[in-house]
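Pasted below: entry_32.csv, CSV, C-alpha atoms.
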chain,number,residue,atom,x,y,z
A,1,MET,CA,-26.3,-25.3,13.7
A,2,SER,CA,-23.3,-23.0,13.2
A,3,GLU,CA,-23.5,-20.4,10.5
A,4,LYS,CA,-21.0,-20.7,7.7
A,5,PHE,CA,-19.7,-18.1,5.2
A,6,THR,CA,-19.5,-19.3,1.6
A,7,GLY,CA,-18.1,-16.3,-0.1
A,8,VAL,CA,-14.6,-15.9,-1.7
A,9,PHE,CA,-12.1,-13.5,-0.1
A,10,THR,CA,-10.1,-13.1,-3.3
A,11,GLN,CA,-12.9,-12.3,-5.7
A,12,GLN,CA,-12.9,-8.7,-6.8
A,13,GLU,CA,-15.7,-6.8,-8.6
A,14,PRO,CA,-15.6,-6.9,-12.4
A,15,ILE,CA,-13.7,-4.2,-14.3
A,16,PRO,CA,-16.3,-1.4,-15.1
A,17,GLU,CA,-17.9,-1.6,-18.5
A,18,ALA,CA,-16.3,1.8,-19.4
A,19,GLY,CA,-12.9,0.2,-18.7
A,20,ILE,CA,-13.6,-2.8,-20.7
A,21,GLU,CA,-14.7,-0.7,-23.7
A,22,ALA,CA,-11.6,1.5,-23.4
A,23,ALA,CA,-9.4,-1.6,-23.2
A,24,LEU,CA,-11.0,-3.0,-26.3
A,25,ALA,CA,-10.3,0.2,-28.2
A,26,VAL,CA,-6.6,-0.1,-27.3
A,27,LEU,CA,-6.6,-3.8,-28.3
A,28,ARG,CA,-8.3,-2.9,-31.6
A,29,HIS,CA,-5.7,-0.3,-32.6
A,30,GLY,CA,-2.8,-2.2,-31.1
A,31,ARG,CA,-0.8,0.7,-29.7
A,32,LEU,CA,-0.3,-0.8,-26.2
A,33,HIS,CA,3.2,0.8,-25.6
A,34,ARG,CA,2.8,4.1,-24.0
A,35,TYR,CA,5.0,5.9,-26.5
A,36,ASN,CA,3.4,4.3,-29.6
A,37,THR,CA,0.9,7.0,-30.7
A,38,VAL,CA,-0.3,8.4,-34.0
A,39,SER,CA,-0.2,12.1,-34.9
A,40,GLY,CA,-2.4,14.1,-32.5
A,41,GLU,CA,-3.1,11.2,-30.1
A,42,ILE,CA,-2.5,11.5,-26.4
A,43,ALA,CA,-1.7,8.1,-24.9
A,44,GLU,CA,-4.0,6.6,-22.3
A,45,THR,CA,-1.1,6.4,-19.9
A,46,ALA,CA,-0.3,10.1,-20.2
A,47,LEU,CA,-3.9,11.0,-19.6
A,48,LEU,CA,-4.1,8.7,-16.6
A,49,GLU,CA,-1.0,10.3,-15.1
A,50,GLU,CA,-2.6,13.8,-15.4
A,51,GLU,CA,-5.8,12.5,-13.8
A,52,PHE,CA,-4.0,10.8,-10.9
A,53,ALA,CA,-1.8,13.9,-10.3
A,54,ASP,CA,-5.0,15.9,-10.1
A,55,PHE,CA,-6.6,13.3,-7.8
A,56,THR,CA,-3.8,13.5,-5.3
A,57,GLY,CA,-2.9,17.2,-5.7
A,58,ALA,CA,0.6,16.4,-6.8
A,59,LYS,CA,2.5,18.3,-9.4
A,60,TYR,CA,4.0,15.3,-11.1
A,61,CYS,CA,2.9,11.7,-11.6
A,62,LEU,CA,4.5,8.7,-13.3
A,63,ALA,CA,2.5,5.5,-14.1
A,64,VAL,CA,4.6,2.3,-13.8
A,65,ALA,CA,4.5,-1.5,-13.9
A,66,SER,CA,4.0,-2.1,-10.2
A,67,GLY,CA,3.8,-0.5,-6.8
A,68,GLY,CA,7.1,-2.1,-5.8
A,69,TYR,CA,8.8,-0.6,-8.9
A,70,ALA,CA,7.3,2.8,-7.9
A,71,ILE,CA,8.9,2.4,-4.4
A,72,SER,CA,12.3,1.4,-5.7
A,73,THR,CA,12.3,4.1,-8.3
A,74,ALA,CA,11.4,6.8,-5.8
A,75,LEU,CA,14.2,5.6,-3.5
A,76,ARG,CA,16.7,5.6,-6.4
A,77,ALA,CA,15.6,9.0,-7.7
A,78,ALA,CA,15.9,10.4,-4.1
A,79,GLY,CA,19.5,9.4,-4.0
A,80,VAL,CA,19.6,6.1,-2.1
A,81,ARG,CA,22.8,4.2,-3.0
A,82,PRO,CA,24.2,0.7,-2.2
A,83,GLY,CA,25.0,0.3,1.4
A,84,ASP,CA,22.8,3.2,2.6
A,85,PRO,CA,20.6,2.4,5.6
A,86,VAL,CA,17.0,3.2,5.0
A,87,LEU,CA,14.5,3.4,7.9
A,88,THR,CA,11.2,1.5,7.3
A,89,ASN,CA,8.4,-0.3,9.2
A,90,ALA,CA,8.9,-3.6,10.9
A,91,PHE,CA,5.2,-4.2,10.2
A,92,THR,CA,4.8,-4.2,6.4
A,93,LEU,CA,4.8,-6.5,3.4
A,94,ALA,CA,7.8,-8.0,1.6
A,95,PRO,CA,8.0,-5.6,-1.3
A,96,VAL,CA,8.8,-2.7,1.0
A,97,PRO,CA,12.1,-4.0,2.4
A,98,GLY,CA,12.6,-5.7,-0.9
A,99,ALA,CA,12.6,-2.4,-2.7
A,100,ILE,CA,15.3,-1.2,-0.4
A,101,ALA,CA,17.4,-4.4,-0.8
A,102,SER,CA,17.0,-4.2,-4.6
A,103,LEU,CA,19.1,-1.0,-4.6
A,104,GLY,CA,21.8,-2.7,-2.4
A,105,ALA,CA,20.6,-0.5,0.5
A,106,VAL,CA,20.0,-1.9,4.0
A,107,PRO,CA,16.6,-1.8,5.8
A,108,LEU,CA,16.6,-0.5,9.3
A,109,PHE,CA,13.4,-1.5,11.0
A,110,VAL,CA,11.2,0.8,13.2
A,111,GLY,CA,8.7,-0.8,15.5
A,112,VAL,CA,4.9,-0.9,15.4
A,113,THR,CA,2.3,0.4,17.9
A,114,GLU,CA,-0.9,-1.3,19.0
A,115,GLN,CA,-2.7,1.1,16.5
A,116,LEU,CA,-0.6,-0.7,13.8
A,117,THR,CA,1.2,2.5,12.9
A,118,ILE,CA,5.0,3.1,12.9
A,119,ASP,CA,6.3,3.7,16.5
A,120,LEU,CA,7.2,7.4,16.5
A,121,ASP,CA,9.2,7.1,19.7
A,122,ASP,CA,11.3,4.4,18.1
A,123,LEU,CA,11.6,6.4,14.9
A,124,ALA,CA,12.8,9.4,16.9
A,125,SER,CA,15.5,7.3,18.5
A,126,LYS,CA,16.7,5.9,15.2
A,127,ALA,CA,16.2,9.0,12.9
A,128,GLY,CA,19.9,10.0,13.1
A,129,GLN,CA,21.0,6.6,11.6
A,130,ALA,CA,19.7,7.1,8.0
A,131,ARG,CA,18.9,9.9,5.5
A,132,VAL,CA,15.7,8.3,4.2
A,133,LEU,CA,12.5,6.8,5.7
A,134,LEU,CA,10.4,4.5,3.5
A,135,LEU,CA,7.1,4.9,5.4
A,136,SER,CA,4.6,2.1,4.9
A,137,HIS,CA,1.0,3.0,5.7
A,138,MET,CA,0.6,-0.7,6.2
A,139,ARG,CA,-3.0,-2.0,5.8
A,140,GLY,CA,-4.2,1.5,5.6
A,141,HIS,CA,-3.3,2.7,9.1
A,142,ILE,CA,-1.9,6.3,9.1
A,143,CYS,CA,0.2,7.6,12.0
A,144,ASP,CA,0.3,11.2,13.3
A,145,MET,CA,1.8,12.7,10.2
A,146,GLU,CA,2.6,16.1,11.7
A,147,ARG,CA,4.7,14.5,14.4
A,148,LEU,CA,6.4,12.1,12.0
A,149,MET,CA,7.3,14.9,9.6
A,150,ALA,CA,8.6,17.0,12.5
A,151,ILE,CA,10.9,14.1,13.6
A,152,CYS,CA,12.2,13.6,10.1
A,153,ASP,CA,12.6,17.3,9.3
A,154,ALA,CA,14.6,17.9,12.4
A,155,ALA,CA,16.9,14.9,11.6
A,156,GLY,CA,17.2,15.8,7.9
A,157,VAL,CA,15.4,12.6,6.9
A,158,LYS,CA,13.6,12.4,3.5
A,159,VAL,CA,10.3,10.6,3.6
A,160,ILE,CA,9.1,8.3,0.8
A,161,GLU,CA,5.5,7.1,1.4
A,162,ASP,CA,4.3,3.7,0.5
A,163,CYS,CA,0.6,4.3,-0.1
A,164,ALA,CA,-0.3,0.9,-1.5
A,165,HIS,CA,-3.1,0.6,1.1
A,166,THR,CA,-4.0,4.3,1.4
A,167,MET,CA,-5.0,5.4,-2.1
A,168,GLY,CA,-7.8,7.9,-1.5
A,169,ALA,CA,-7.1,8.1,2.3
A,170,SER,CA,-6.0,11.3,4.1
A,171,TRP,CA,-4.7,12.7,7.4
A,172,ASN,CA,-6.1,16.0,8.6
A,173,GLY,CA,-7.4,16.6,5.1
A,174,ILE,CA,-4.1,16.1,3.4
A,175,ALA,CA,-4.1,13.2,0.9
A,176,SER,CA,-2.0,10.2,1.8
A,177,GLY,CA,1.3,10.5,-0.1
A,178,ARG,CA,1.4,14.3,0.1
A,179,HIS,CA,3.4,14.8,3.2
A,180,GLY,CA,6.8,13.4,2.1
A,181,LEU,CA,9.2,14.0,-0.8
A,182,ALA,CA,7.4,11.3,-2.9
A,183,ALA,CA,4.9,8.6,-2.7
A,184,ALA,CA,4.2,5.2,-4.4
A,185,TYR,CA,0.8,3.6,-5.0
A,186,SER,CA,-0.3,0.2,-6.3
A,187,THR,CA,-3.0,-1.0,-8.7
A,188,GLN,CA,-2.4,-4.7,-8.1
A,189,THR,CA,-5.6,-6.7,-8.1
A,190,TYR,CA,-6.2,-6.5,-4.3
A,191,LYS,CA,-5.7,-2.7,-4.1
A,192,HIS,CA,-8.2,0.1,-4.5
A,193,MET,CA,-8.0,0.1,-8.3
A,194,ASN,CA,-7.4,-3.1,-10.3
A,195,SER,CA,-5.1,-3.5,-13.3
A,196,GLY,CA,-3.6,-6.8,-12.3
A,197,GLU,CA,-0.3,-5.1,-11.7
A,198,GLY,CA,0.6,-1.4,-11.9
A,199,GLY,CA,1.5,1.6,-9.8
A,200,PHE,CA,2.1,5.3,-9.6
A,201,LEU,CA,4.9,7.6,-8.3
A,202,VAL,CA,3.9,11.2,-7.3
A,203,THR,CA,6.1,14.1,-6.2
A,204,ASP,CA,6.3,17.9,-6.3
A,205,ASP,CA,10.1,17.7,-6.8
A,206,GLU,CA,11.0,18.3,-10.4
A,207,ASP,CA,14.4,16.8,-10.3
A,208,LEU,CA,13.1,13.6,-8.7
A,209,ALA,CA,10.3,13.4,-11.2
A,210,ALA,CA,12.6,13.8,-14.1
A,211,ARG,CA,15.0,11.2,-12.8
A,212,ALA,CA,12.0,8.8,-12.2
A,213,VAL,CA,10.7,9.3,-15.8
A,214,ILE,CA,14.2,8.5,-17.2
A,215,LEU,CA,14.6,5.5,-14.9
A,216,SER,CA,11.2,4.1,-16.0
A,217,GLY,CA,12.4,3.8,-19.6
A,218,SER,CA,11.3,7.0,-21.4
A,219,TYR,CA,14.5,7.1,-23.5
A,220,MET,CA,14.3,10.6,-25.0
A,221,LEU,CA,10.5,10.5,-25.3
A,222,TYR,CA,9.9,12.3,-22.0
A,223,GLU,CA,8.2,15.2,-23.7
A,224,ARG,CA,5.2,12.9,-24.2
A,225,HIS,CA,4.5,13.0,-20.5
A,226,ARG,CA,2.0,15.6,-19.5
A,227,ALA,CA,2.2,15.3,-15.7
A,228,ALA,CA,6.0,15.8,-15.7
A,229,PRO,CA,8.4,18.7,-15.3
A,230,GLY,CA,9.6,20.9,-18.2
A,231,PRO,CA,12.5,20.1,-20.5
A,232,GLU,CA,15.1,22.0,-18.4
A,233,ALA,CA,14.7,19.4,-15.6
A,234,PHE,CA,15.4,16.5,-18.0
A,235,GLU,CA,18.4,18.3,-19.4
A,236,ARG,CA,20.0,18.1,-15.9
A,237,VAL,CA,19.5,14.4,-15.5
A,238,LYS,CA,19.0,12.6,-18.9
A,239,TYR,CA,22.7,11.6,-19.5
A,240,VAL,CA,23.4,10.5,-15.9
A,241,THR,CA,20.3,8.5,-15.1
A,242,PRO,CA,20.1,4.9,-16.1
A,243,ASN,CA,17.1,3.3,-17.9
A,244,ILE,CA,15.6,0.6,-15.7
A,245,SER,CA,12.4,0.0,-17.7
A,246,GLY,CA,9.2,-0.4,-15.7
A,247,ARG,CA,6.6,1.5,-17.8
A,248,MET,CA,2.8,1.1,-17.5
A,249,ASP,CA,1.2,0.3,-20.8
A,250,ASN,CA,-1.9,1.9,-22.5
A,251,LEU,CA,-4.0,-1.2,-21.9
A,252,ARG,CA,-3.7,-1.0,-18.1
A,253,ALA,CA,-4.1,2.7,-18.2
A,254,ALA,CA,-7.4,2.4,-20.2
A,255,ILE,CA,-8.7,-0.1,-17.6
A,256,LEU,CA,-7.7,2.3,-14.7
A,257,ARG,CA,-9.1,5.6,-15.9
A,258,PRO,CA,-12.8,4.8,-15.3
A,259,GLN,CA,-11.9,3.2,-12.0
A,260,LEU,CA,-10.2,6.5,-10.9
A,261,ARG,CA,-13.4,8.4,-11.7
A,262,ASP,CA,-15.4,6.0,-9.5
A,263,LEU,CA,-12.9,5.8,-6.7
A,264,ALA,CA,-14.5,8.1,-4.1
A,265,LYS,CA,-17.7,6.2,-4.3
A,266,GLN,CA,-15.8,2.9,-4.0
A,267,LEU,CA,-14.0,4.1,-0.9
A,268,ASP,CA,-17.4,4.9,0.8
A,269,ARG,CA,-18.6,1.3,0.0
A,270,TRP,CA,-15.4,-0.2,1.5
A,271,ASN,CA,-15.9,1.8,4.7
A,272,GLU,CA,-19.5,0.7,5.1
A,273,ARG,CA,-18.3,-2.9,5.0
A,274,TYR,CA,-15.4,-2.2,7.4
A,275,ARG,CA,-17.6,-0.5,9.9
A,276,THR,CA,-20.2,-3.3,9.8
A,277,ILE,CA,-17.4,-5.9,10.7
A,278,GLU,CA,-15.9,-3.5,13.2
A,279,ASP,CA,-19.2,-3.0,15.0
A,280,GLY,CA,-19.8,-6.8,15.1
A,281,LEU,CA,-16.4,-7.4,16.7
A,282,ARG,CA,-16.4,-4.6,19.2
A,283,GLY,CA,-16.6,-5.8,22.8
A,284,THR,CA,-15.5,-9.4,22.0
A,285,PRO,CA,-13.7,-10.8,25.1
A,286,GLY,CA,-10.0,-11.0,24.4
A,287,LEU,CA,-10.1,-9.1,21.1
A,288,THR,CA,-8.7,-5.7,20.6
A,289,VAL,CA,-10.3,-3.6,17.8
A,290,ILE,CA,-8.0,-1.0,16.2
A,291,GLU,CA,-9.5,2.4,16.9
A,292,ARG,CA,-9.2,4.8,14.0
A,293,PRO,CA,-8.2,8.4,15.0
A,294,ALA,CA,-10.5,11.2,14.0
A,295,GLU,CA,-7.8,12.8,11.9
A,296,GLU,CA,-7.6,9.8,9.6
A,297,ARG,CA,-9.8,9.2,6.6
A,298,PHE,CA,-9.1,5.6,5.9
A,299,VAL,CA,-10.1,3.1,3.3
A,300,GLY,CA,-11.4,-0.1,4.8
A,301,SER,CA,-10.4,-2.6,2.2
A,302,SER,CA,-9.0,-4.9,4.9
A,303,ILE,CA,-9.5,-5.1,8.6
A,304,GLN,CA,-7.2,-6.1,11.5
A,305,PHE,CA,-7.6,-7.1,15.1
A,306,ILE,CA,-5.3,-8.2,17.8
A,307,LEU,CA,-5.5,-11.1,20.3
A,308,LEU,CA,-3.1,-9.4,22.6
A,309,GLY,CA,-1.2,-11.6,25.0
A,310,TRP,CA,-2.6,-14.8,23.6
A,311,SER,CA,-0.4,-17.9,23.1
A,312,GLU,CA,0.5,-18.9,19.6
A,313,GLU,CA,-1.5,-22.1,20.1
A,314,LYS,CA,-4.7,-20.2,20.9
A,315,VAL,CA,-4.3,-17.8,18.0
A,316,ALA,CA,-3.7,-20.7,15.7
A,317,GLU,CA,-6.9,-22.4,17.0
A,318,VAL,CA,-8.9,-19.2,16.2
A,319,VAL,CA,-7.5,-19.2,12.7
A,320,ARG,CA,-8.3,-22.9,12.2
A,321,ARG,CA,-11.9,-22.6,13.6
A,322,CYS,CA,-12.7,-19.5,11.5
A,323,ALA,CA,-11.4,-21.2,8.4
A,324,ALA,CA,-13.6,-24.2,9.1
A,325,ARG,CA,-16.5,-21.8,8.9
A,326,GLY,CA,-15.4,-20.1,5.7
A,327,VAL,CA,-13.6,-17.1,7.1
A,328,GLU,CA,-10.0,-16.6,6.0
A,329,LEU,CA,-7.8,-14.8,8.5
A,330,LYS,CA,-4.1,-14.1,7.9
A,331,TRP,CA,-1.9,-14.3,11.0
A,332,PHE,CA,1.2,-12.1,11.1
A,333,GLY,CA,2.5,-14.0,14.2
A,334,GLU,CA,2.9,-17.3,12.5
A,335,GLY,CA,6.3,-18.8,12.5
A,336,GLU,CA,6.5,-19.4,8.8
A,337,PRO,CA,5.2,-16.9,6.2
A,338,LYS,CA,2.2,-18.0,4.2
A,339,GLY,CA,0.9,-16.4,0.9
A,340,PHE,CA,1.4,-12.6,1.1
A,341,THR,CA,2.0,-12.6,4.9
A,342,SER,CA,5.5,-12.3,6.3
A,343,ARG,CA,7.2,-10.1,8.9
A,344,TYR,CA,10.6,-8.5,9.6
A,345,ASP,CA,12.3,-11.7,10.8
A,346,SER,CA,11.1,-13.6,7.7
A,347,TRP,CA,13.4,-11.4,5.5
A,348,ARG,CA,16.7,-13.1,6.2
A,349,TYR,CA,18.7,-11.0,3.8
A,350,VAL,CA,18.4,-8.4,6.6
A,351,ASP,CA,20.4,-8.8,9.8
A,352,ALA,CA,17.7,-7.4,12.1
A,353,PRO,CA,17.8,-7.6,15.9
A,354,ARG,CA,14.8,-8.9,17.8
A,355,MET,CA,12.1,-6.3,18.5
A,356,PRO,CA,10.2,-7.5,21.6
A,357,SER,CA,7.6,-4.8,21.6
A,358,THR,CA,6.8,-5.4,17.9
A,359,ASP,CA,6.9,-9.2,18.4
A,360,ARG,CA,4.3,-8.8,21.2
A,361,ILE,CA,1.8,-7.1,18.7
A,362,LEU,CA,2.5,-9.3,15.7
A,363,ARG,CA,2.2,-12.5,17.7
A,364,GLY,CA,-1.6,-11.9,18.0
A,365,LEU,CA,-2.3,-9.8,14.9
A,366,LEU,CA,-5.0,-11.1,12.5
A,367,ASP,CA,-5.8,-9.6,9.2
A,368,MET,CA,-8.7,-10.1,6.7
A,369,ARG,CA,-9.5,-8.7,3.3
A,370,VAL,CA,-12.8,-6.9,2.8
A,371,PRO,CA,-13.6,-7.2,-0.9
A,372,LEU,CA,-16.5,-5.1,-2.4
A,373,THR,CA,-18.1,-8.4,-3.6
A,374,PHE,CA,-19.2,-8.9,0.0
A,375,SER,CA,-22.6,-7.5,1.0
A,376,LEU,CA,-23.3,-5.8,4.3
A,377,ASP,CA,-25.1,-9.0,5.4
A,378,ASP,CA,-22.0,-11.0,4.5
A,379,CYS,CA,-19.9,-8.6,6.7
A,380,ALA,CA,-22.3,-9.0,9.6
A,381,LEU,CA,-22.1,-12.8,9.3
A,382,ILE,CA,-18.3,-12.8,9.1
A,383,ALA,CA,-18.2,-10.7,12.3
A,384,ARG,CA,-20.5,-13.1,14.1
A,385,ILE,CA,-18.4,-16.0,13.1
A,386,ILE,CA,-15.1,-14.4,14.3
A,387,ARG,CA,-16.8,-13.2,17.5
A,388,ALA,CA,-18.1,-16.7,18.3
A,389,GLU,CA,-14.9,-18.5,17.6
A,390,VAL,CA,-12.7,-16.0,19.5
A,391,SER,CA,-15.1,-16.1,22.4
A,392,ALA,CA,-15.1,-19.9,22.4
A,393,VAL,CA,-11.3,-20.2,22.5
A,394,HIS,CA,-11.0,-17.3,25.0
A,395,GLN,CA,-13.5,-19.0,27.4
A,396,ALA,CA,-11.6,-22.4,27.0
A,397,ALA,CA,-8.4,-20.7,28.1
What would you get if you wrote out this structure as structure tokens?
Amino acid sequence: MSEKFTGVFTQQEPIPEAGIEAALAVLRHGRLHRYNTVSGEIAETALLEEEFADFTGAKYCLAVASGGYAISTALRAAGVRPGDPVLTNAFTLAPVPGAIASLGAVPLFVGVTEQLTIDLDDLASKAGQARVLLLSHMRGHICDMERLMAICDAAGVKVIEDCAHTMGASWNGIASGRHGLAAAYSTQTYKHMNSGEGGFLVTDDEDLAARAVILSGSYMLYERHRAAPGPEAFERVKYVTPNISGRMDNLRAAILRPQLRDLAKQLDRWNERYRTIEDGLRGTPGLTVIERPAEERFVGSSIQFILLGWSEEKVAEVVRRCAARGVELKWFGEGEPKGFTSRYDSWRYVDAPRMPSTDRILRGLLDMRVPLTFSLDDCALIARIIRAEVSAVHQAA
């Protein structure tokens, strides 16, 4: 009899008790708005910004309503204007090109490699066509950041990092988000900290940080930020920067602060689960495991593999057979987007030429969440199911 997995791929762990207690304290006093404080009180949101800046090593941090808002605010604060081309990954999720389009700017897609990182050769060929790269560390895969920064620096391209999937990750010991001009992170439910929705923007650039704070809706209350530049930076920008409100509130900040304290331990737990699945998949006929470079400290909250060269019909059969046994795989090569999964040719507000090398990879790319609610035994079972069904379809071919 075939084994079947009965777990839930969208069930996260509960909010820590310390977060629940902190949230209850905020609810009891009622001061949810980040600037609604009593004399001598430091808002939960301001404290969280300080703590996240310290966690990443950034000078400045702004907590906001979502990761997508953090991206668009970073782009706007970096000087992106309507009509500007912005380089970005062809392999990413919809909020990334969406953030570019929200400014009236134009995404210019860069290809993906078999390691699921941005194609640096393609980037080098296109670097002269834009002043900004919105780099998505999609699904937690980090490229050779030294080479990427060398390409961008030589071409005068500013780098904004989308670190929605790399909070806590690093490249050669440098925290993800600390190579470019600014970085955005997400605390949406399926990310590494969970506040339902939320995000952070970090930077070392005081003018960008000041513009971001004003953009987020600080009015003239920017002095209540503790992980922000001094008043002279705000004097330069406060009258010429629009308010586009997207603040984080104290309730979400209260939930997040205990999670940030536990994050390093949680990252180790994710990677245990990732490695268990990876080990179970390695050597499966027809299946390509994504090898992680030694320079990369990743966070295995999801796992990807490629059925390279497979027909769409055969990939669809693997997805169907795994689903029948309780294993939910997302397929980036499917013709129509489903749920959170889409690709560069799904975003029809962008006039993007075909990218055959990228299409070849996305056609066979399968993706799976690895929630911490799964045990290591669960992960081993999931790997056995995927291995069995891929092998069966591969043999039938």
For a quick check of understanding, using only C-alpha atoms, which of A:Asp162, A:Asp205, A:Asp121, A:Glu197 has the smallest distance to Ala183 in chain A? A:Asp162
Of the candidates A:Ala105, A:Gly286, A:Ala254, A:Asp279, which one gets nearest to Ala22 in chain A if we count only C-alpha atoms?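 Nearest candidate to Ala22 in chain A out of A:Ala105, A:Gly286, A:Ala254, A:Asp279: A:Ala254.
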Would you kindly return, as number ranges by chain, each protein, DNA or RNA residue with an atom no farther than 9 Å from any atom of Leu32 in chain A, considering all atoms listed in the file and excluding same-chain residues fewer than 5 positions away? A: 26-27, 249-252
So that I can check the surroundings of His165 in chain A, please list as a ChimeraX atom specification every protein, DNA and RNA residue that reaches within 10 Å of it, counting only C-alpha atoms and ignoring chain neighbours fewer than 4 positions away. /A:136-142,169,176,185-187,190-192,298-302
Quick one: contact table of range 159-178 of chain A to range 290-294 of chain A, 12 Å max, nearest atom pair and distance in Å to one decimal per residue, counting only C-alpha atoms, chain and number order, as CSV?
residue,atom,partner,partner_atom,distance
A:Ser170,CA,A:Ala294,CA,10.9
A:Trp171,CA,A:Ala294,CA,8.9
A:Asn172,CA,A:Ala294,CA,8.5
A:Gly173,CA,A:Ala294,CA,10.9
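Take CA of Lys265 in chain A and CA of Glu50 in chain A: the distance between them is 20.2 Å.
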With only C-alpha atoms as the counted atoms, please give the residues lying no more than 12 Å from Trp347 in chain A, apart from itself and same-chain residues fewer than 6 positions off, as JSON, numbers by chain. {"A": [90, 91, 92, 93, 94, 95, 96, 97, 98, 100, 101, 106, 107, 108, 109, 336, 337, 341, 353]}
Now that the selection is made, can you save its residues with C-alpha atoms as a short mmCIF file (atom, residue, chain, number, x, y, z; two decimals), keeping the file's coordinate frame?
data_model
loop_
_atom_site.label_atom_id
_atom_site.label_comp_id
_atom_site.auth_asym_id
_atom_site.auth_seq_id
_atom_site.Cartn_x
_atom_site.Cartn_y
_atom_site.Cartn_z
CA ALA A 90 8.90 -3.60 10.90
CA PHE A 91 5.20 -4.20 10.20
CA THR A 92 4.80 -4.20 6.40
CA LEU A 93 4.80 -6.50 3.40
CA ALA A 94 7.80 -8.00 1.60
CA PRO A 95 8.00 -5.60 -1.30
CA VAL A 96 8.80 -2.70 1.00
CA PRO A 97 12.10 -4.00 2.40
CA GLY A 98 12.60 -5.70 -0.90
CA ILE A 100 15.30 -1.20 -0.40
CA ALA A 101 17.40 -4.40 -0.80
CA VAL A 106 20.00 -1.90 4.00
CA PRO A 107 16.60 -1.80 5.80
CA LEU A 108 16.60 -0.50 9.30
CA PHE A 109 13.40 -1.50 11.00
CA GLU A 336 6.50 -19.40 8.80
CA PRO A 337 5.20 -16.90 6.20
CA THR A 341 2.00 -12.60 4.90
CA PRO A 353 17.80 -7.60 15.90
#
Mind pulling up the distance from CA of Pro14 in chain A to CA of Thr189 in chain A?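 It comes out at 10.9 Å.
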Give me, as a ChimeraX atom specification, all polymer residues having an atom no more than 12 Å from Ile174 in chain A, counting all atoms listed in the file and skipping those fewer than 3 positions away in the same chain. /A:55-58,142,144-146,166,168-171,177-180,295-298
Could you name the residues that touch range 363-379 of chain A at 6 Å or less, counting only C-alpha atoms, but leaving out those on the same chain fewer than 3 positions away, as a list in words? Glu13, Arg273, Ile277, Ser301, Ser302, Ile303, Gln304, Phe305, Ile306, Leu307, Leu308, Leu329, Lys330, Trp331, Phe332, Gly333, Asp359, Arg360 and Ile382 of chain A
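When CA of Thr73 in chain A is paired with CA of Leu215 in chain A, their separation reads 7.1 Å.
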Which residue, A:Ala182, A:Ala253, A:Ile71, A:Ala130, has the smallest gap to Arg34 in chain A when you use all atoms listed in the file? A:Ala253
Closest to Asn194 in chain A among A:Leu134, A:Ile151, A:Cys143, A:Ile15, using only C-alpha atoms?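 The closest residue to Asn194 in chain A is A:Ile15.
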Using all atoms listed in the file, collect all residues at a distance of at most 6 Å from (-14.1, -20.1, 17.1) as written in the file, then present them as a list in words.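 Those within range, by chain then number, are Val318, Arg321, Cys322, Ala388, Glu389, Val390 and Ala392 of chain A.
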Counting only C-alpha atoms, which residue out of A:Gly19, A:Gly7, A:Pro82, A:Gly67 sits closest to Ile255 in chain A? A:Gly19
From the options A:Asp84, A:Glu51, A:Asp119, A:Asp268, which residue's atoms come nearest to Gly104 in chain A, counting all atoms listed in the file?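 Among A:Asp84, A:Glu51, A:Asp119, A:Asp268, it is A:Asp84 that comes nearest to Gly104 in chain A.
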